[in-house]
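I have placed the structure first, in the form of structure tokens, so that the comments after it can refer back to it.
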Amino acid sequence: MAEINDARRDQLNMPRIAPALSPPFSRPPSRIAIRRVNRYEADLSALLFETLREFDLPVRDKTVLLKPNLVGLDPLGMMNTHPAVIAAARETFLRMGASEVLIGDGPAMDRDTQAVLESIRLREYAGPLSRIFVDLNIDAVERVELKTRASRFKELYFPKTVRGVDFLVSLPKLKTHHWAGVTLSLKNMFGVVPGGCYGWPKNILHWAGIDRAILDINAAVRPDFAIVDGIIGMEGNGPIQGQPKPCGVMVCGDDPVAVDATCSRVMGLLPEKIKYLAQAGTLLGHIQEEKIRQLGESIESTCTPFAVLEAFCHLRRNASGPVWNLNCL
Amino acid sequence: MHSTPAAPDQSAAANGIDVASFVPKTCLAYLRDAQNDDGGWGFTQGLESRVEPTAWCVLALHEFSEGPGVNEAAARGFGYLERTQLPDGSWPATPGQEQGSWTTAPACWALLAHREQAHERLDRGLNWLLQTTPADASRWWRFVRRLAARRSVSSQSDQLYGWSWTQGTASWVEPTAYALIVLCRGPEKLLSNDARKRISIAQKLLLDRMCPGGGWNCGNPMVYGVAGEPQVVPTVWALLALRNSGTNEYRKSLDWLEANRGNVQSLASLALTKIGLDALGRSDPNLDNSLAASFRDKDISVVNVPAIAWTALAMSSKRNWLKLTMPGETS
């Protein structure tokens with residue numbers, strides 16, 4: 001697996017986009033781009049290349065790991081990051097000069113990762129996977145002492161590939177979540193916690209508190225960049241059993257907290273009310289709009305209110321926003 | 001950097017399945033090559049040894065122990081399991097962990113194949129399983145759940161418990177199934193009345209967590225009124241755990257497994273589907289060819305050691321590893 005660790009990163013003078021842990025006042029403004037795209041058949045690679053060029057990302061001759069959201073078997077393409085987005089992101093980083101672009105995830109609900117990959121037909125989009133896909137559930141692991149201690153964990157095991165790559169990209173799908181409110185680029189990082197150490201699902205994270213575990217994980221392995229598949233999202237009883245929600249956007253940015261805050265606003269939700277996001281805004285990135293430099297489309301022009309479960313009505317920006325009615329099921 | 005294990009030799013599979021040569025030339029050869037110097041196996045070739053893949057490999061090698069070099073490899077794997085047992089009798093999921101985990105049940109299962117040498121270690125492992133309860137077995141948890149019952153999001157019973165993946169967490173289907181399978185094969189002397197009661201509660205938990213249309217997923221049959229989708233891996237282990245339980249309530253899950261076999265493409269799920277259908281009397285000879293086709297696939301994207309071990313076990317006609325009594329034993 002990838003061998004470049006933090007010490008090697010320092011030797012190569014390869015700074016991450018922003019330090020993982022620092023208060024908002026000491027952070028530069030974050031950069032976000034919202035791009036409108038309505039179909040997975042569109043030229044996503046060209047759109048991403050054009051968008052990411054504006055960020056001047058330090059990926060030339062570097063190893064990039066794309067971390068999509070692969071939850072489980074998904075023949076209808078409803079809950080996982082769409083394979084067209086994964087393939088387009090890979091092609092884009094290769095065009096930008098990355099020496100190697102890996103795809104890696106550790107599905108939470110199904111230990112047969114090959115079955116998950118077959119169900120979304122990733123090979124048809126990204127080509128042969130044997131040399132580019134890493135099953136993070138069963139990768140070699142290293143024990144990492146946690147800096148934040150937001151949850152009861154003092155340490156967690158993480159895959160060596162995740163710790164070793166030069167540039168980590170969170171590649172989630174735009175979804176509501178029945179425990180956390182929303183699942184975006186920060187919550188997506190649950191997938192790097194190895195099932196081979198903690199089981200399927202990674203129940204230890206739920207018992208530690210989802211919101212707190214999200215903070216601990218992202219402080220330990222903070223994504224350098226995020227690309228959110230919001231072409232068709234999921235509303236209601238996400239992250240698995242919700243309904244498809246066409247939203248027609250891709251949201252990219254160099255601060256996963258700012259990306260998630262922006263996505264929440266696009267979903268018609270208040271990021272300040274989403275517990276883990278509000279906490280992440282004090283340590284890991286920006287959630288205030290004035291600290292986020294907006295590129296591409298505006299939030300207002302792309303806002304598509306997502307229906308939320310009754311327990312999350314307080315997250316809605318507009319009190320008359322949609323509520324997921326369980327009685328309809 | 002990212003290392004890709006070599007795909008197993010496909011020559012035997014290319015000309016149809018001949019079990020006599022397919023398993024030794026493909027599966028067992030791969031497993032012998034993938035064995036680490038410490039006697040254990042990682043989840044993929046070249047990675048550090050872990051308990052769970054080692055346990056599956058020991059079982060697979062023992063099943064075909066007449067093959068050349070197989071016994072020696074199995075004995076080295078057995079030695080790895082001996083060395084990694086924790087003082088309390090359990091096994092960790094990864095080296096360095098100081099707490100036992102679900103891997104204790106597969107490790108005990110592998111030790112059953114060597115029970116004459118391992119009876120003391122086996123007893124300690126099985127005792128650990130019997131004495132360790134998941135967090136959802138506590139009275140405090142049940143009290144909290146009763147208070148929250150009004151806004152419950154699932155229809156499952158909170159009075160039942162089985163085994164968890166890691167300590168201090170809830171019961172789930174797979175670890176419960178592993179523990180039940182191995183406890184039911186353990187020495188009678190360990191099965192006190194309390195132990196039998198524990199086993200009975202866990203069997204009820206599996207039935208409670210079955211998806212409405214049959215089959216199991218990790219353990220969420222219904223969430224917010226929506227039925228969960230079953231998956232092959234937990235379904236097969238749960239079926240094997242329940243097949244001698246004296247109930248027929250699992251039959252619709254067997255029906256689901258049989259009906260689903262045409263949708264299965266991955267090596268691990270194909271192997272387990274064959275194991276489940278064969279063990280419960282619904283053998284499908286076409287699955288042999290499907291397994292061979294998986295080996296012919298040049299882009300086996302996630303070749304992992306357990307999947308190869310399960311494939312070998314699936315091709316065993318003796319199925320000693322699944323019998324409640326080992327050959328030569330009276331009880």
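To be explicit about the labels: the chains of the structure tokens are called A, B, and onward in the order shown, and within each one the residues are counted from 1, while ligands get numbers from 1 in the order they are shown.
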Name the residues of region 65-299 of chain B that come out as alpha helix (DSSP H) in a backbone DSSP run; write them as a PyMOL selection string. chain B and resi 70-84+104-112+115-131+139-147+173-183+193-208+232-242+251-260+267-279+286-296
Exercise answer, chain A residues close to chain B, 8 Å and only C-alpha atoms, as a PyMOL selection string: chain A and resi 1-3+109-115+118+128-135+138-140+161+196-201+203-204+207+237+241+326+329
Keeping only N, CA and C atoms, write those residues as an mmCIF file, in the first residue's frame.
data_model
loop_
_atom_site.group_PDB
_atom_site.id
_atom_site.type_symbol
_atom_site.label_atom_id
_atom_site.label_comp_id
_atom_site.auth_asym_id
_atom_site.auth_seq_id
_atom_site.Cartn_x
_atom_site.Cartn_y
_atom_site.Cartn_z
ATOM 1 N N MET A 1 0.830 -1.196 0.000
ATOM 2 C CA MET A 1 0.000 0.000 0.000
ATOM 3 C C MET A 1 0.875 1.261 0.000
ATOM 4 N N ALA A 2 0.264 2.406 -0.106
ATOM 5 C CA ALA A 2 1.014 3.643 -0.250
ATOM 6 C C ALA A 2 1.923 3.868 0.946
ATOM 7 N N GLU A 3 3.155 4.275 0.678
ATOM 8 C CA GLU A 3 4.149 4.324 1.742
ATOM 9 C C GLU A 3 4.493 5.743 2.190
ATOM 10 N N MET A 109 -21.875 -1.737 5.322
ATOM 11 C CA MET A 109 -22.984 -2.654 5.572
ATOM 12 C C MET A 109 -22.813 -4.016 4.915
ATOM 13 N N ASP A 110 -21.782 -4.186 4.114
ATOM 14 C CA ASP A 110 -21.619 -5.450 3.397
ATOM 15 C C ASP A 110 -20.132 -5.742 3.281
ATOM 16 N N ARG A 111 -19.706 -6.893 3.808
ATOM 17 C CA ARG A 111 -18.265 -7.165 3.780
ATOM 18 C C ARG A 111 -17.804 -7.701 2.434
ATOM 19 N N ASP A 112 -18.738 -8.011 1.548
ATOM 20 C CA ASP A 112 -18.345 -8.496 0.217
ATOM 21 C C ASP A 112 -18.185 -7.286 -0.711
ATOM 22 N N THR A 113 -17.011 -6.667 -0.629
ATOM 23 C CA THR A 113 -16.781 -5.435 -1.392
ATOM 24 C C THR A 113 -16.833 -5.701 -2.893
ATOM 25 N N GLN A 114 -16.379 -6.874 -3.313
ATOM 26 C CA GLN A 114 -16.433 -7.176 -4.743
ATOM 27 C C GLN A 114 -17.883 -7.166 -5.229
ATOM 28 N N ALA A 115 -18.796 -7.666 -4.413
ATOM 29 C CA ALA A 115 -20.214 -7.659 -4.792
ATOM 30 C C ALA A 115 -20.735 -6.231 -4.909
ATOM 31 N N GLU A 118 -19.405 -4.824 -8.160
ATOM 32 C CA GLU A 118 -20.130 -5.395 -9.304
ATOM 33 C C GLU A 118 -21.512 -4.762 -9.423
ATOM 34 N N PRO A 128 -10.326 -1.692 -15.547
ATOM 35 C CA PRO A 128 -9.928 -2.755 -14.611
ATOM 36 C C PRO A 128 -9.562 -2.184 -13.239
ATOM 37 N N LEU A 129 -10.070 -2.830 -12.211
ATOM 38 C CA LEU A 129 -9.921 -2.267 -10.864
ATOM 39 C C LEU A 129 -8.786 -2.895 -10.063
ATOM 40 N N SER A 130 -8.225 -3.993 -10.571
ATOM 41 C CA SER A 130 -7.321 -4.766 -9.713
ATOM 42 C C SER A 130 -6.111 -3.959 -9.258
ATOM 43 N N ARG A 131 -5.672 -2.984 -10.033
ATOM 44 C CA ARG A 131 -4.495 -2.214 -9.622
ATOM 45 C C ARG A 131 -4.838 -0.843 -9.067
ATOM 46 N N ILE A 132 -6.119 -0.472 -9.095
ATOM 47 C CA ILE A 132 -6.453 0.889 -8.640
ATOM 48 C C ILE A 132 -7.426 0.918 -7.469
ATOM 49 N N PHE A 133 -8.077 -0.218 -7.175
ATOM 50 C CA PHE A 133 -9.044 -0.191 -6.083
ATOM 51 C C PHE A 133 -8.446 -0.798 -4.819
ATOM 52 N N VAL A 134 -8.641 -0.128 -3.699
ATOM 53 C CA VAL A 134 -8.175 -0.633 -2.400
ATOM 54 C C VAL A 134 -9.391 -0.846 -1.504
ATOM 55 N N ASP A 135 -9.574 -2.066 -1.041
ATOM 56 C CA ASP A 135 -10.642 -2.340 -0.082
ATOM 57 C C ASP A 135 -10.145 -1.899 1.292
ATOM 58 N N ILE A 138 -10.026 -4.114 4.554
ATOM 59 C CA ILE A 138 -9.085 -5.206 4.811
ATOM 60 C C ILE A 138 -7.645 -4.816 4.489
ATOM 61 N N ASP A 139 -7.402 -3.536 4.347
ATOM 62 C CA ASP A 139 -6.052 -3.035 4.085
ATOM 63 C C ASP A 139 -5.178 -3.231 5.342
ATOM 64 N N ALA A 140 -3.855 -3.118 5.167
ATOM 65 C CA ALA A 140 -2.969 -3.069 6.337
ATOM 66 C C ALA A 140 -3.349 -1.830 7.158
ATOM 67 N N THR A 161 -3.057 2.821 3.546
ATOM 68 C CA THR A 161 -3.199 3.533 2.273
ATOM 69 C C THR A 161 -3.722 4.947 2.506
ATOM 70 N N GLY A 196 -12.309 -4.717 8.995
ATOM 71 C CA GLY A 196 -11.473 -5.824 9.438
ATOM 72 C C GLY A 196 -11.019 -5.688 10.879
ATOM 73 N N CYS A 197 -11.109 -4.467 11.424
ATOM 74 C CA CYS A 197 -10.783 -4.247 12.844
ATOM 75 C C CYS A 197 -12.035 -4.077 13.692
ATOM 76 N N TYR A 198 -13.115 -3.543 13.087
ATOM 77 C CA TYR A 198 -14.270 -3.160 13.898
ATOM 78 C C TYR A 198 -15.582 -3.819 13.482
ATOM 79 N N GLY A 199 -15.578 -4.576 12.382
ATOM 80 C CA GLY A 199 -16.781 -5.290 11.964
ATOM 81 C C GLY A 199 -17.596 -4.557 10.914
ATOM 82 N N TRP A 200 -18.713 -5.237 10.532
ATOM 83 C CA TRP A 200 -19.614 -4.710 9.498
ATOM 84 C C TRP A 200 -21.020 -4.716 10.048
ATOM 85 N N PRO A 201 -21.649 -3.665 10.491
ATOM 86 C CA PRO A 201 -21.179 -2.297 10.387
ATOM 87 C C PRO A 201 -20.132 -1.978 11.463
ATOM 88 N N ASN A 203 -19.903 -0.636 14.212
ATOM 89 C CA ASN A 203 -20.847 -0.253 15.262
ATOM 90 C C ASN A 203 -20.193 0.524 16.393
ATOM 91 N N ILE A 204 -18.893 0.352 16.533
ATOM 92 C CA ILE A 204 -18.165 1.051 17.591
ATOM 93 C C ILE A 204 -18.303 2.567 17.432
ATOM 94 N N TRP A 207 -21.717 3.668 18.850
ATOM 95 C CA TRP A 207 -21.746 3.663 20.314
ATOM 96 C C TRP A 207 -20.901 4.798 20.893
ATOM 97 N N ASN A 237 -35.367 9.078 4.415
ATOM 98 C CA ASN A 237 -34.763 8.082 5.299
ATOM 99 C C ASN A 237 -33.408 7.597 4.765
ATOM 100 N N GLN A 241 -32.213 3.981 2.735
ATOM 101 C CA GLN A 241 -33.591 3.690 2.373
ATOM 102 C C GLN A 241 -34.402 4.939 2.035
ATOM 103 N N LEU A 326 -43.373 9.341 7.117
ATOM 104 C CA LEU A 326 -43.196 7.890 7.190
ATOM 105 C C LEU A 326 -44.500 7.147 6.945
ATOM 106 N N LEU A 329 -45.232 5.481 3.598
ATOM 107 C CA LEU A 329 -44.487 4.314 3.107
ATOM 108 C C LEU A 329 -45.373 3.085 3.043
#
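Using only C-alpha atoms for every distance, the candidate list A:Lys154, A:Arg265, A:Arg95, A:His82 yields A:His82 as the residue closest to Ala126 (chain A).
Among B:Asn248, B:Met315, B:Pro306, B:Arg121, the residue with the shortest atom-to-atom distance to Leu31 (chain B), counting only C-alpha atoms, is B:Pro306.
The spacing separating CA of Leu171 (chain A) from CA of Gly321 (chain A) amounts to 26.9 Å.
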